[in-house]
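What follows is the content of input-v6.cif, which has mmCIF, C-alpha atoms:
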data_start
#
loop_
_atom_site.label_atom_id
_atom_site.label_comp_id
_atom_site.auth_asym_id
_atom_site.auth_seq_id
_atom_site.Cartn_x
_atom_site.Cartn_y
_atom_site.Cartn_z
CA PRO A 215 -53.21 -4.71 -11.43
CA LEU A 216 -49.46 -4.97 -11.00
CA ALA A 217 -48.99 -1.29 -11.62
CA ASP A 218 -51.67 -0.45 -9.07
CA ASP A 219 -50.05 -2.67 -6.44
CA LEU A 220 -46.78 -0.97 -7.17
CA ALA A 221 -48.36 2.46 -6.80
CA ASP A 222 -49.83 1.45 -3.43
CA GLU A 223 -46.46 0.23 -2.27
CA MET A 224 -44.80 3.42 -3.47
CA GLU A 225 -47.12 5.46 -1.27
CA ASP A 226 -45.88 3.62 1.78
CA VAL A 227 -42.26 4.29 1.00
CA ASP A 228 -40.68 6.93 3.18
CA PHE A 229 -38.71 9.30 0.99
CA ASP A 230 -36.44 11.02 3.45
CA GLU A 231 -34.64 14.29 2.75
CA GLU A 232 -32.44 13.74 -0.33
CA GLY A 233 -31.51 10.30 1.00
CA ALA A 234 -29.55 12.05 3.74
CA GLU A 235 -29.22 8.82 5.71
CA GLU A 236 -27.31 6.87 3.10
CA PRO A 237 -25.61 9.04 0.51
CA ASP A 238 -24.10 5.89 -0.98
CA ALA A 239 -27.36 4.05 -1.46
CA GLU A 240 -28.39 5.96 -4.54
CA ALA A 241 -24.90 5.83 -6.00
CA TRP A 242 -25.11 2.08 -6.46
CA GLU A 243 -28.64 1.93 -7.77
CA THR A 244 -28.12 3.80 -10.99
CA GLU A 245 -29.18 0.78 -13.04
CA ASP A 246 -32.63 0.68 -11.46
CA ASP A 247 -33.00 4.42 -11.80
CA GLU A 248 -33.08 4.01 -15.58
CA GLY A 249 -36.40 2.19 -15.39
CA VAL A 250 -38.15 4.59 -13.07
CA GLU A 251 -41.65 5.61 -14.17
CA ASP A 252 -41.99 8.83 -16.14
CA GLY A 253 -42.11 11.94 -14.06
CA MET A 254 -39.65 10.46 -11.58
CA GLU A 255 -36.53 11.04 -13.61
CA PRO A 256 -33.53 11.95 -11.49
CA GLN A 257 -32.85 15.68 -11.82
CA ASP A 258 -30.23 16.50 -14.46
CA ASP A 259 -29.33 20.15 -14.96
CA SER A 260 -26.42 19.42 -17.28
CA GLU A 261 -26.20 20.43 -20.96
CA VAL A 262 -23.71 17.79 -22.08
CA THR A 263 -22.80 14.36 -20.71
CA PHE A 264 -19.53 12.69 -21.68
CA SER A 265 -19.81 8.97 -21.06
CA LEU A 266 -16.87 7.21 -22.71
CA HIS A 267 -15.28 6.33 -19.37
CA SER A 268 -16.20 2.92 -17.98
CA ALA A 269 -15.30 3.61 -14.34
CA SER A 270 -15.02 6.56 -11.92
CA VAL A 271 -13.73 9.74 -13.55
CA PHE A 272 -11.08 11.21 -11.24
CA CYS A 273 -9.86 14.43 -12.85
CA VAL A 274 -10.68 17.14 -15.35
CA GLY A 275 -8.86 20.08 -16.92
CA LEU A 276 -10.08 22.79 -19.30
CA ASP A 277 -7.88 24.22 -22.02
CA PRO A 278 -6.96 27.71 -20.75
CA LYS A 279 -6.76 29.44 -24.11
CA THR A 280 -10.20 28.78 -25.58
CA ASN A 281 -12.01 26.88 -22.82
CA THR A 282 -13.52 24.71 -25.56
CA LEU A 283 -11.72 21.44 -24.74
CA ALA A 284 -11.73 19.25 -21.65
CA VAL A 285 -9.39 16.43 -20.66
CA THR A 286 -10.65 13.77 -18.25
CA GLY A 287 -8.88 10.82 -16.65
CA GLY A 288 -10.36 7.85 -14.86
CA GLU A 289 -10.15 4.59 -13.00
CA ASP A 290 -10.47 2.78 -16.33
CA ASP A 291 -6.80 3.72 -17.05
CA LYS A 292 -8.04 6.03 -19.79
CA ALA A 293 -7.82 9.74 -20.55
CA PHE A 294 -9.80 11.55 -23.24
CA VAL A 295 -9.66 15.01 -24.81
CA TRP A 296 -13.15 16.10 -25.87
CA ARG A 297 -15.18 19.10 -26.92
CA VAL A 298 -17.12 20.84 -24.17
CA SER A 299 -19.86 22.10 -26.52
CA ASP A 300 -21.15 18.67 -27.56
CA GLY A 301 -19.06 16.01 -25.78
CA GLU A 302 -17.45 15.00 -29.09
CA LEU A 303 -14.23 12.98 -28.63
CA LEU A 304 -11.14 14.66 -30.07
CA PHE A 305 -8.66 11.91 -29.17
CA GLU A 306 -7.80 9.32 -26.56
CA CYS A 307 -4.58 9.70 -24.56
CA SER A 308 -3.80 6.01 -24.82
CA GLY A 309 -1.18 3.82 -23.20
CA HIS A 310 -1.79 4.30 -19.49
CA LYS A 311 -1.70 1.19 -17.33
CA ASP A 312 -3.17 2.51 -14.12
CA SER A 313 -5.91 4.94 -13.00
CA VAL A 314 -5.38 8.36 -14.58
CA THR A 315 -5.48 10.75 -11.62
CA CYS A 316 -3.89 13.89 -13.10
CA ALA A 317 -4.66 15.67 -16.36
CA GLY A 318 -4.24 19.20 -17.60
CA PHE A 319 -3.41 21.54 -20.48
CA SER A 320 -0.34 23.77 -20.72
CA HIS A 321 -0.87 27.53 -20.19
CA ASP A 322 -1.27 28.12 -23.95
CA SER A 323 -3.30 24.95 -24.66
CA VAL A 324 -0.56 23.62 -26.98
CA PHE A 325 0.06 20.48 -24.88
CA VAL A 326 -2.04 18.23 -22.69
CA ALA A 327 -0.48 16.06 -19.98
CA THR A 328 -1.94 12.94 -18.36
CA GLY A 329 -0.51 11.07 -15.40
CA ASP A 330 -1.49 7.73 -13.86
CA MET A 331 -1.10 6.43 -10.33
CA SER A 332 1.84 4.21 -11.21
CA GLY A 333 3.77 7.30 -12.27
CA LEU A 334 3.57 7.15 -16.06
CA ILE A 335 3.22 10.71 -17.40
CA LYS A 336 2.48 11.39 -21.07
CA VAL A 337 2.29 14.67 -22.98
CA TRP A 338 0.41 15.14 -26.25
CA ARG A 339 0.44 17.96 -28.77
CA VAL A 340 -3.24 18.91 -28.96
CA GLU A 341 -3.24 20.09 -32.58
CA THR A 342 -1.65 16.96 -34.05
CA LYS A 343 -3.06 14.59 -31.37
CA GLU A 344 0.40 13.04 -31.14
CA GLU A 345 2.27 11.92 -28.06
CA VAL A 346 5.43 14.03 -27.82
CA TRP A 347 6.94 12.92 -24.51
CA SER A 348 6.55 10.37 -21.74
CA PHE A 349 8.36 9.58 -18.53
CA GLU A 350 7.96 7.19 -15.65
CA VAL A 351 8.40 8.32 -12.04
CA GLY A 352 7.41 6.66 -8.76
CA ASP A 353 3.78 6.60 -7.63
CA LEU A 354 2.29 9.92 -8.70
CA GLU A 355 0.64 12.22 -6.12
CA TRP A 356 0.02 15.41 -8.13
CA MET A 357 1.01 17.15 -11.35
CA GLU A 358 0.85 20.75 -12.53
CA TRP A 359 1.81 22.83 -15.55
CA HIS A 360 3.91 25.98 -15.15
CA PRO A 361 1.72 29.12 -15.51
CA GLN A 362 3.92 30.70 -18.21
CA ALA A 363 6.13 28.01 -19.75
CA HIS A 364 6.12 24.50 -21.23
CA VAL A 365 7.32 23.09 -17.93
CA LEU A 366 5.67 20.32 -15.93
CA LEU A 367 6.01 19.78 -12.18
CA ALA A 368 4.97 16.59 -10.37
CA GLY A 369 5.22 15.17 -6.86
CA THR A 370 5.72 11.48 -6.06
CA ALA A 371 5.26 9.10 -3.14
CA ASP A 372 9.03 8.92 -2.48
CA GLY A 373 9.03 12.60 -1.48
CA ASN A 374 10.57 13.95 -4.68
CA SER A 375 9.21 16.70 -6.88
CA TRP A 376 10.17 16.52 -10.54
CA MET A 377 10.37 19.30 -13.09
CA TRP A 378 10.66 18.80 -16.86
CA LYS A 379 10.95 21.03 -19.88
CA ILE A 380 8.50 19.82 -22.51
CA PRO A 381 9.07 18.34 -25.03
CA SER A 382 12.89 18.25 -24.60
CA GLY A 383 12.55 16.42 -21.28
CA GLU A 384 15.35 18.24 -19.43
CA CYS A 385 14.80 17.29 -15.82
CA LYS A 386 15.38 18.57 -12.30
CA THR A 387 14.42 16.93 -9.01
CA PHE A 388 13.73 18.51 -5.64
CA GLN A 389 14.36 16.08 -2.83
CA GLY A 390 11.85 16.30 0.00
CA PRO A 391 11.65 14.23 3.20
CA ALA A 392 11.37 10.47 2.80
CA CYS A 393 7.56 10.56 2.65
CA PRO A 394 5.05 11.40 -0.10
CA ALA A 395 4.93 14.90 -1.58
CA THR A 396 1.15 15.07 -1.19
CA CYS A 397 0.38 18.43 -2.88
CA GLY A 398 2.13 21.19 -4.74
CA ARG A 399 1.62 24.47 -6.58
CA ILE A 400 3.86 26.69 -8.69
CA LEU A 401 3.68 30.26 -7.39
CA PRO A 402 2.48 33.01 -9.76
CA ASP A 403 6.01 34.39 -10.27
CA GLY A 404 6.88 31.09 -11.95
CA LYS A 405 10.18 31.00 -10.05
CA ARG A 406 9.10 29.21 -6.90
CA ALA A 407 6.91 26.27 -5.96
CA VAL A 408 5.30 25.31 -2.67
CA VAL A 409 5.14 21.59 -1.85
CA GLY A 410 3.37 19.91 1.08
CA TYR A 411 4.37 16.55 2.51
CA GLU A 412 2.84 13.66 4.40
CA ASP A 413 4.90 14.39 7.52
CA GLY A 414 3.16 17.76 7.94
CA THR A 415 6.03 19.84 6.56
CA MET A 416 5.91 22.37 3.74
CA ARG A 417 8.76 23.61 1.58
CA ILE A 418 9.07 26.59 -0.74
CA TRP A 419 11.48 25.69 -3.54
CA ASP A 420 13.54 27.90 -5.82
CA LEU A 421 12.87 26.24 -9.19
CA LYS A 422 15.97 27.62 -10.89
CA GLN A 423 18.50 26.85 -8.16
CA GLY A 424 16.78 23.65 -7.04
CA THR A 425 17.16 24.77 -3.44
CA SER A 426 14.68 24.98 -0.61
CA LEU A 427 14.04 28.62 0.39
CA HIS A 428 11.85 27.96 3.45
CA VAL A 429 10.81 24.90 5.43
CA LEU A 430 7.81 24.84 7.74
CA LYS A 431 8.03 22.02 10.26
CA GLY A 432 7.50 21.18 13.92
CA GLN A 433 5.15 23.69 15.55
CA ASP A 434 5.08 25.83 12.42
CA GLY A 435 4.18 22.88 10.25
CA HIS A 436 1.10 20.69 10.45
CA GLN A 437 0.61 17.72 12.77
CA ASP A 438 -0.78 15.53 9.99
CA PRO A 439 -0.30 15.15 6.22
CA LEU A 440 -0.91 18.20 4.02
CA THR A 441 -3.87 17.81 1.67
CA CYS A 442 -3.79 21.05 -0.35
CA VAL A 443 -1.87 24.27 -0.93
CA ALA A 444 -2.85 27.51 -2.68
CA SER A 445 -1.45 30.98 -3.22
CA ASN A 446 -3.08 34.35 -3.70
CA GLN A 447 -2.94 36.14 -7.06
CA ASP A 448 0.38 37.91 -6.52
CA GLY A 449 1.97 34.98 -4.70
CA THR A 450 2.67 36.89 -1.47
CA LEU A 451 0.49 34.59 0.63
CA ILE A 452 0.28 30.80 0.73
CA MET A 453 -2.39 28.72 2.39
CA THR A 454 -1.84 25.13 3.49
CA GLY A 455 -4.55 22.66 4.52
CA SER A 456 -4.11 19.40 6.36
CA VAL A 457 -5.73 16.30 7.74
CA ASP A 458 -5.18 17.96 11.16
CA CYS A 459 -8.12 20.27 10.27
CA HIS A 460 -5.95 23.40 10.44
CA THR A 461 -5.31 25.92 7.71
CA LYS A 462 -2.13 28.00 7.87
CA LEU A 463 -1.61 31.34 6.19
CA VAL A 464 2.07 31.82 5.32
CA ASN A 465 4.06 34.80 4.06
CA SER A 466 5.84 33.39 0.99
CA ALA A 467 8.76 35.85 1.20
CA THR A 468 9.67 35.13 4.83
CA GLY A 469 8.24 31.62 5.21
CA LYS A 470 6.60 32.74 8.44
CA VAL A 471 3.12 31.66 9.56
CA VAL A 472 0.86 34.73 9.59
CA CYS A 473 -2.10 33.00 11.24
CA VAL A 474 -3.79 29.65 11.76
CA PHE A 475 -7.47 29.02 11.05
CA LYS A 476 -8.86 26.18 13.18
CA MET A 477 -12.30 24.83 12.55
CA GLU A 478 -13.92 24.49 15.95
CA SER A 479 -15.46 21.09 16.28
CA VAL A 480 -19.08 21.08 17.47
CA ALA A 481 -18.60 18.12 19.78
CA PRO A 482 -16.37 18.63 22.82
CA LYS A 483 -13.06 16.93 22.17
CA ALA A 484 -12.50 13.85 24.26
CA PRO A 485 -8.74 13.43 24.79
CA ALA A 486 -8.87 9.78 23.76
CA GLY A 487 -10.65 10.47 20.52
CA GLU A 488 -8.50 13.35 19.37
CA GLY A 489 -6.90 11.29 16.63
CA GLU A 490 -10.23 10.17 15.22
CA GLU A 491 -11.61 13.69 15.47
CA ALA A 492 -8.83 14.95 13.23
CA GLU A 493 -9.29 12.02 10.88
CA SER A 494 -12.97 12.67 10.48
CA ASN A 495 -12.68 16.30 9.45
CA SER A 496 -9.74 17.24 7.29
CA VAL A 497 -9.26 20.29 5.08
CA GLU A 498 -10.02 19.05 1.56
CA SER A 499 -9.63 22.17 -0.58
CA LEU A 500 -8.86 25.87 -0.27
CA GLY A 501 -8.37 29.02 -2.30
CA PHE A 502 -8.03 32.79 -2.30
CA CYS A 503 -10.53 35.28 -3.71
CA ASN A 504 -8.99 37.58 -6.36
CA VAL A 505 -11.20 40.61 -5.77
CA MET A 506 -11.56 40.78 -1.98
CA PRO A 507 -9.29 39.79 0.95
CA LEU A 508 -11.17 36.52 1.46
CA ALA A 509 -10.17 32.87 1.55
CA ALA A 510 -12.34 29.77 1.37
CA VAL A 511 -11.67 26.45 3.07
CA GLY A 512 -13.68 23.28 2.41
CA TYR A 513 -13.83 20.53 5.02
CA LEU A 514 -14.65 16.84 4.90
CA ASP A 515 -17.58 17.37 7.28
CA GLY A 516 -19.26 19.58 4.66
CA THR A 517 -18.37 22.98 6.11
CA LEU A 518 -17.37 25.73 3.71
CA ALA A 519 -15.63 28.41 5.77
CA ILE A 520 -15.10 31.91 4.38
CA TYR A 521 -12.30 33.70 6.24
CA ASP A 522 -11.63 37.43 6.20
CA LEU A 523 -7.88 37.85 5.72
CA SER A 524 -7.74 41.48 6.85
CA THR A 525 -9.19 40.63 10.27
CA GLN A 526 -8.04 36.97 10.21
CA SER A 527 -11.49 35.91 11.35
CA LEU A 528 -14.27 33.57 10.24
CA ARG A 529 -16.80 35.47 8.16
CA HIS A 530 -19.29 32.77 7.10
CA LYS A 531 -19.92 29.06 7.55
CA CYS A 532 -21.85 27.48 4.68
CA GLN A 533 -23.04 23.98 5.50
CA HIS A 534 -23.21 21.07 3.04
CA GLU A 535 -24.90 17.80 3.88
CA SER A 536 -21.83 15.83 2.87
CA GLY A 537 -18.10 16.35 2.48
CA ILE A 538 -16.65 19.00 0.19
CA VAL A 539 -14.34 17.49 -2.42
CA GLN A 540 -13.09 20.66 -4.05
CA LEU A 541 -13.71 24.39 -4.24
CA LEU A 542 -12.83 27.04 -6.82
CA TRP A 543 -13.22 30.82 -6.81
CA GLU A 544 -14.59 32.65 -9.80
CA GLU A 545 -11.77 34.59 -11.43
CA SER A 546 -13.24 38.06 -11.09
CA SER A 547 -15.88 37.97 -8.37
CA ALA A 548 -16.47 36.91 -4.78
CA VAL A 549 -18.30 33.74 -5.81
CA VAL A 550 -17.00 30.36 -4.71
CA TYR A 551 -17.98 27.02 -6.28
CA THR A 552 -18.04 23.76 -4.35
CA CYS A 553 -18.56 20.16 -5.36
CA SER A 554 -19.37 17.53 -2.80
CA LEU A 555 -19.92 13.87 -2.10
CA ASP A 556 -23.69 14.32 -2.57
CA GLY A 557 -23.13 14.87 -6.30
CA ALA A 558 -24.06 18.57 -6.51
CA VAL A 559 -22.19 21.70 -7.58
CA ARG A 560 -23.07 24.80 -5.59
CA LEU A 561 -22.33 28.49 -6.04
CA TRP A 562 -21.93 30.64 -2.92
CA ASP A 563 -21.78 34.40 -2.51
CA ALA A 564 -18.82 34.83 -0.19
CA ARG A 565 -19.96 38.30 0.84
CA SER A 566 -23.32 37.18 2.22
CA GLY A 567 -22.51 33.51 2.81
CA LYS A 568 -25.70 32.58 0.91
CA MET A 569 -26.05 29.91 -1.74
CA ILE A 570 -26.70 31.37 -5.20
CA SER A 571 -27.58 28.18 -7.05
CA GLU A 572 -27.12 24.44 -7.15
CA TYR A 573 -26.68 22.03 -10.07
CA ARG A 574 -27.37 18.32 -10.04
CA GLY A 575 -27.17 15.51 -12.53
CA HIS A 576 -24.67 12.97 -11.20
CA SER A 577 -25.86 9.81 -9.51
CA ALA A 578 -22.67 9.54 -7.42
CA GLU A 579 -20.15 11.82 -5.76
CA ILE A 580 -18.39 14.51 -7.80
CA LEU A 581 -14.63 13.89 -7.72
CA ASP A 582 -13.28 16.92 -9.57
CA PHE A 583 -14.49 19.96 -11.48
CA ALA A 584 -13.28 22.94 -13.49
CA VAL A 585 -14.78 26.37 -14.20
CA ASN A 586 -14.13 28.28 -17.42
CA LYS A 587 -12.68 31.81 -17.47
CA ASP A 588 -15.90 33.79 -17.68
CA ALA A 589 -17.57 31.41 -15.22
CA SER A 590 -20.32 30.45 -17.65
CA ILE A 591 -19.71 26.70 -17.56
CA VAL A 592 -18.67 24.08 -15.03
CA VAL A 593 -17.30 20.69 -16.07
CA THR A 594 -17.59 17.93 -13.45
CA THR A 595 -16.36 14.34 -13.13
CA SER A 596 -17.95 11.70 -10.96
CA GLY A 597 -17.96 8.22 -9.51
CA ASP A 598 -20.92 7.51 -11.82
CA HIS A 599 -18.43 7.09 -14.74
CA GLN A 600 -19.53 10.35 -16.35
CA ALA A 601 -18.32 13.88 -16.94
CA LYS A 602 -20.91 16.62 -17.30
CA VAL A 603 -21.04 20.19 -18.54
CA PHE A 604 -23.31 22.62 -16.70
CA CYS A 605 -24.19 26.08 -17.96
CA VAL A 606 -24.15 28.53 -15.08
CA GLN A 607 -27.01 31.00 -15.16
CA ARG A 608 -26.38 33.93 -12.87
CA PRO A 609 -29.15 36.49 -12.28
CA ASP A 610 -26.62 39.15 -11.24
CA ARG A 611 -24.88 39.15 -14.64
#

As structure tokens, please, write out the structure in this file.
Amino acid sequence: PLADDLADEMEDVDFDEEGAEEPDAEAWETEDDEGVEDGMEPQDDSEVTFSLHSASVFCVGLDPKTNTLAVTGGEDDKAFVWRVSDGELLFECSGHKDSVTCAGFSHDSVFVATGDMSGLIKVWRVETKEEVWSFEVGDLEWMEWHPQAHVLLAGTADGNSWMWKIPSGECKTFQGPACPATCGRILPDGKRAVVGYEDGTMRIWDLKQGTSLHVLKGQDGHQDPLTCVASNQDGTLIMTGSVDCHTKLVNSATGKVVCVFKMESVAPKAPAGEGEEAESNSVESLGFCNVMPLAAVGYLDGTLAIYDLSTQSLRHKCQHESGIVQLLWEESSAVVYTCSLDGAVRLWDARSGKMISEYRGHSAEILDFAVNKDASIVVTTSGDHQAKVFCVQRPDR
């Protein structure tokens, strides 16, 4: 009789669209989900689930050489290197004492680096699973490997960017303004880096000389903190995104702003609420397409904007129900991947603006993801304490 009563009650429950009202509600009820009657299993499109983390998993990197290994870091102060094919643990990057927010492999997959919020960075030799170098900086904002050398670059909350040769540890610092260096990227030539700051400025640094080549500030800079930077494949163009909801396209040789993409807000802007308006819709991620003159910008309000660089105009708006956390372009096609706070990964055809496919399996927001070289797998990390591997089936291939 109990089961029948339950069934009757279930019929009265109003299942609204994907829980659109409260995206958080389902995130916290994962325990109950386990016991759901058969046939009501939450959808899981993933092939492999890695579940050694005991808290939110913040970051993921794939080894560039073989794409067979992933490194993940989380709120549990842990980082793991594991096999993508079966989720088998290779080794733990032990010794962190704060949330691991940055993790990645060197260009040749020889080293893996992990960095925690307190600023402790460690580097391990993948083959021997041994720690070869560690260093402590101020609070860590971002970290990136050099595209061609065993060199690590990181930005900290005191405004400095640090560069080390690994494993010798030779060090250089690039002194920014007295505010956090919020994002950074080494340009494809390997000789320059672009760094964005909390005060809305951006600098292009000469890595060898340690000097600043160009500074964007005032009207040319952003009005709010920078959230992300990217460059096109040959490094001639840089894009900067900010909490001010603007994206700037910059010529990296001259340091001049080529154009500004503003996302028009649907609601008319009330003068009083301008600050909140900007707060509520920042640029969260951006990137250039390698095969067409297109750029993608992901916003906190769930808009994916595809801009045409040749005409400097908006080409498509692809709407998500919740905020975009990150986007990545496929290496050799006009397909852009997004992950969002609703826990799904989506593939979009940037030419038509249409969604190609969608993958689910997380019971909370996706916080980071990586795509392998031939775009056959996506590895995601989430607030549900898990990392997942999805195989991407594409009808057009």

* To do: Evaluate the PyMOL selection byres ((chain A and resi 279-287) around 6) on the structure here and hand back the selected residues as number ranges by chain.
  => A: 271-278, 288, 292-298, 314, 322-323, 586

* Asked: the PyMOL selection byres ((chain A and resi 359) around 9) on the file shown: which residues, as a ChimeraX atom specification?
  -> /A:318-321,327,357-358,360-368,400

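Distances from A:Cys532, A:Val326, A:Cys459, A:Ile591 to Leu514 of chain A were compared using all atoms listed in the file, and the smallest one belongs to A:Cys459.
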
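A straight line drawn from atom CA of Lys343 of chain A to atom CA of Ser268 of chain A is 22.1 Å long.
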
* Residues within 6 Å of Asp582 of chain A, all atoms listed in the file, excluding chain neighbours under 2 positions, as a ChimeraX atom specification -> /A:273,580,594-595

* **Gap from atom CA of Arg339 of chain A to atom CA of Val324 of chain A - Å, one decimal** => 6.0 Å

* Structure fact -> From atom CA of Pro394 of chain A to atom CA of Glu412 of chain A the spacing works out at 5.5 Å

* To do: Evaluate the PyMOL selection byres ((chain A and resi 439) around 6) on the structure here and hand back the selected residues as a PyMOL selection string.
  => chain A and resi 412-414+438+440+456-457

For Met453 of chain A, please output as a PDB file with C-alpha atoms, in the frame of the given file all residues within 7 Å (counting only C-alpha atoms; exclusion window: fewer than 2 positions along the same chain).
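The result, stored in part.pdb:
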ATOM      1  CA  VAL A 443      -1.870  24.270  -0.930  1.00  0.00           C
ATOM      2  CA  ALA A 444      -2.850  27.510  -2.680  1.00  0.00           C
ATOM      3  CA  SER A 445      -1.450  30.980  -3.220  1.00  0.00           C
ATOM      4  CA  LEU A 451       0.490  34.590   0.630  1.00  0.00           C
ATOM      5  CA  GLY A 455      -4.550  22.660   4.520  1.00  0.00           C
ATOM      6  CA  THR A 461      -5.310  25.920   7.710  1.00  0.00           C
ATOM      7  CA  LYS A 462      -2.130  28.000   7.870  1.00  0.00           C
ATOM      8  CA  LEU A 463      -1.610  31.340   6.190  1.00  0.00           C
ATOM      9  CA  VAL A 464       2.070  31.820   5.320  1.00  0.00           C
TER      10      VAL A 464
END

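Near segment 540-544 of chain A, within 7 Å and counting all atoms listed in the file, sit A:Glu498, A:Ser499, A:Leu500, A:Gly501, A:Cys503, A:Gly512, A:Val549, A:Val550, A:Tyr551, A:Thr552, A:Cys553, A:Asp582, A:Ala589, not including residues fewer than 5 positions from it in the same chain.
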
* Hey, what's within 10 Å of Arg529 of chain A if we count all atoms listed in the file and toss same-chain stuff fewer than 4 positions away? As a count of residues only, please? -> 13

Name the residues in contact with segment 330-338 of chain A at a cut-off of 6 Å, using all atoms listed in the file, excluding same-chain residues fewer than 4 positions from it; report them as a short mmCIF file (atom, residue, chain, number, x, y, z; two decimals) with C-alpha atoms, in the coordinates of the input.
data_model
loop_
_atom_site.label_atom_id
_atom_site.label_comp_id
_atom_site.auth_asym_id
_atom_site.auth_seq_id
_atom_site.Cartn_x
_atom_site.Cartn_y
_atom_site.Cartn_z
CA ASP A 312 -3.17 2.51 -14.12
CA SER A 313 -5.91 4.94 -13.00
CA VAL A 314 -5.38 8.36 -14.58
CA THR A 315 -5.48 10.75 -11.62
CA PHE A 325 0.06 20.48 -24.88
CA VAL A 326 -2.04 18.23 -22.69
CA GLU A 344 0.40 13.04 -31.14
CA GLU A 345 2.27 11.92 -28.06
CA VAL A 346 5.43 14.03 -27.82
CA TRP A 347 6.94 12.92 -24.51
CA SER A 348 6.55 10.37 -21.74
CA PHE A 349 8.36 9.58 -18.53
CA GLU A 350 7.96 7.19 -15.65
CA VAL A 351 8.40 8.32 -12.04
CA GLY A 352 7.41 6.66 -8.76
CA ASP A 353 3.78 6.60 -7.63
CA LEU A 354 2.29 9.92 -8.70
#

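Between Val262 of chain A and the residues A:Thr454, A:Thr441, A:Gln389, A:Gln600, the shortest atom-to-atom distance, using all atoms listed in the file, involves A:Gln600.
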
How would segment 564-575 of chain A look with N, CA and C atoms restored, written as a short mmCIF file (atom, residue, chain, number, x, y, z; two decimals), in the frame of the given file?
data_model
loop_
_atom_site.label_atom_id
_atom_site.label_comp_id
_atom_site.auth_asym_id
_atom_site.auth_seq_id
_atom_site.Cartn_x
_atom_site.Cartn_y
_atom_site.Cartn_z
N ALA A 564 -19.68 34.79 -1.37
CA ALA A 564 -18.82 34.83 -0.19
C ALA A 564 -19.06 36.08 0.65
N ARG A 565 -19.70 37.09 0.06
CA ARG A 565 -19.96 38.30 0.84
C ARG A 565 -21.10 38.07 1.82
N SER A 566 -22.16 37.40 1.35
CA SER A 566 -23.32 37.18 2.22
C SER A 566 -23.30 35.80 2.88
N GLY A 567 -22.52 34.88 2.30
CA GLY A 567 -22.51 33.51 2.81
C GLY A 567 -23.71 32.70 2.33
N LYS A 568 -24.48 33.27 1.39
CA LYS A 568 -25.70 32.58 0.91
C LYS A 568 -25.42 31.79 -0.36
N MET A 569 -26.18 30.71 -0.52
CA MET A 569 -26.05 29.91 -1.74
C MET A 569 -26.76 30.62 -2.89
N ILE A 570 -26.10 30.72 -4.03
CA ILE A 570 -26.70 31.37 -5.20
C ILE A 570 -27.48 30.35 -6.02
N SER A 571 -26.88 29.21 -6.27
CA SER A 571 -27.58 28.18 -7.05
C SER A 571 -26.92 26.83 -6.84
N GLU A 572 -27.62 25.80 -7.32
CA GLU A 572 -27.12 24.44 -7.15
C GLU A 572 -27.45 23.66 -8.41
N TYR A 573 -26.51 22.81 -8.83
CA TYR A 573 -26.68 22.03 -10.07
C TYR A 573 -26.49 20.56 -9.76
N ARG A 574 -27.45 19.77 -10.25
CA ARG A 574 -27.37 18.32 -10.04
C ARG A 574 -27.44 17.58 -11.37
N GLY A 575 -27.10 16.31 -11.32
CA GLY A 575 -27.17 15.51 -12.53
C GLY A 575 -26.37 14.22 -12.39
#
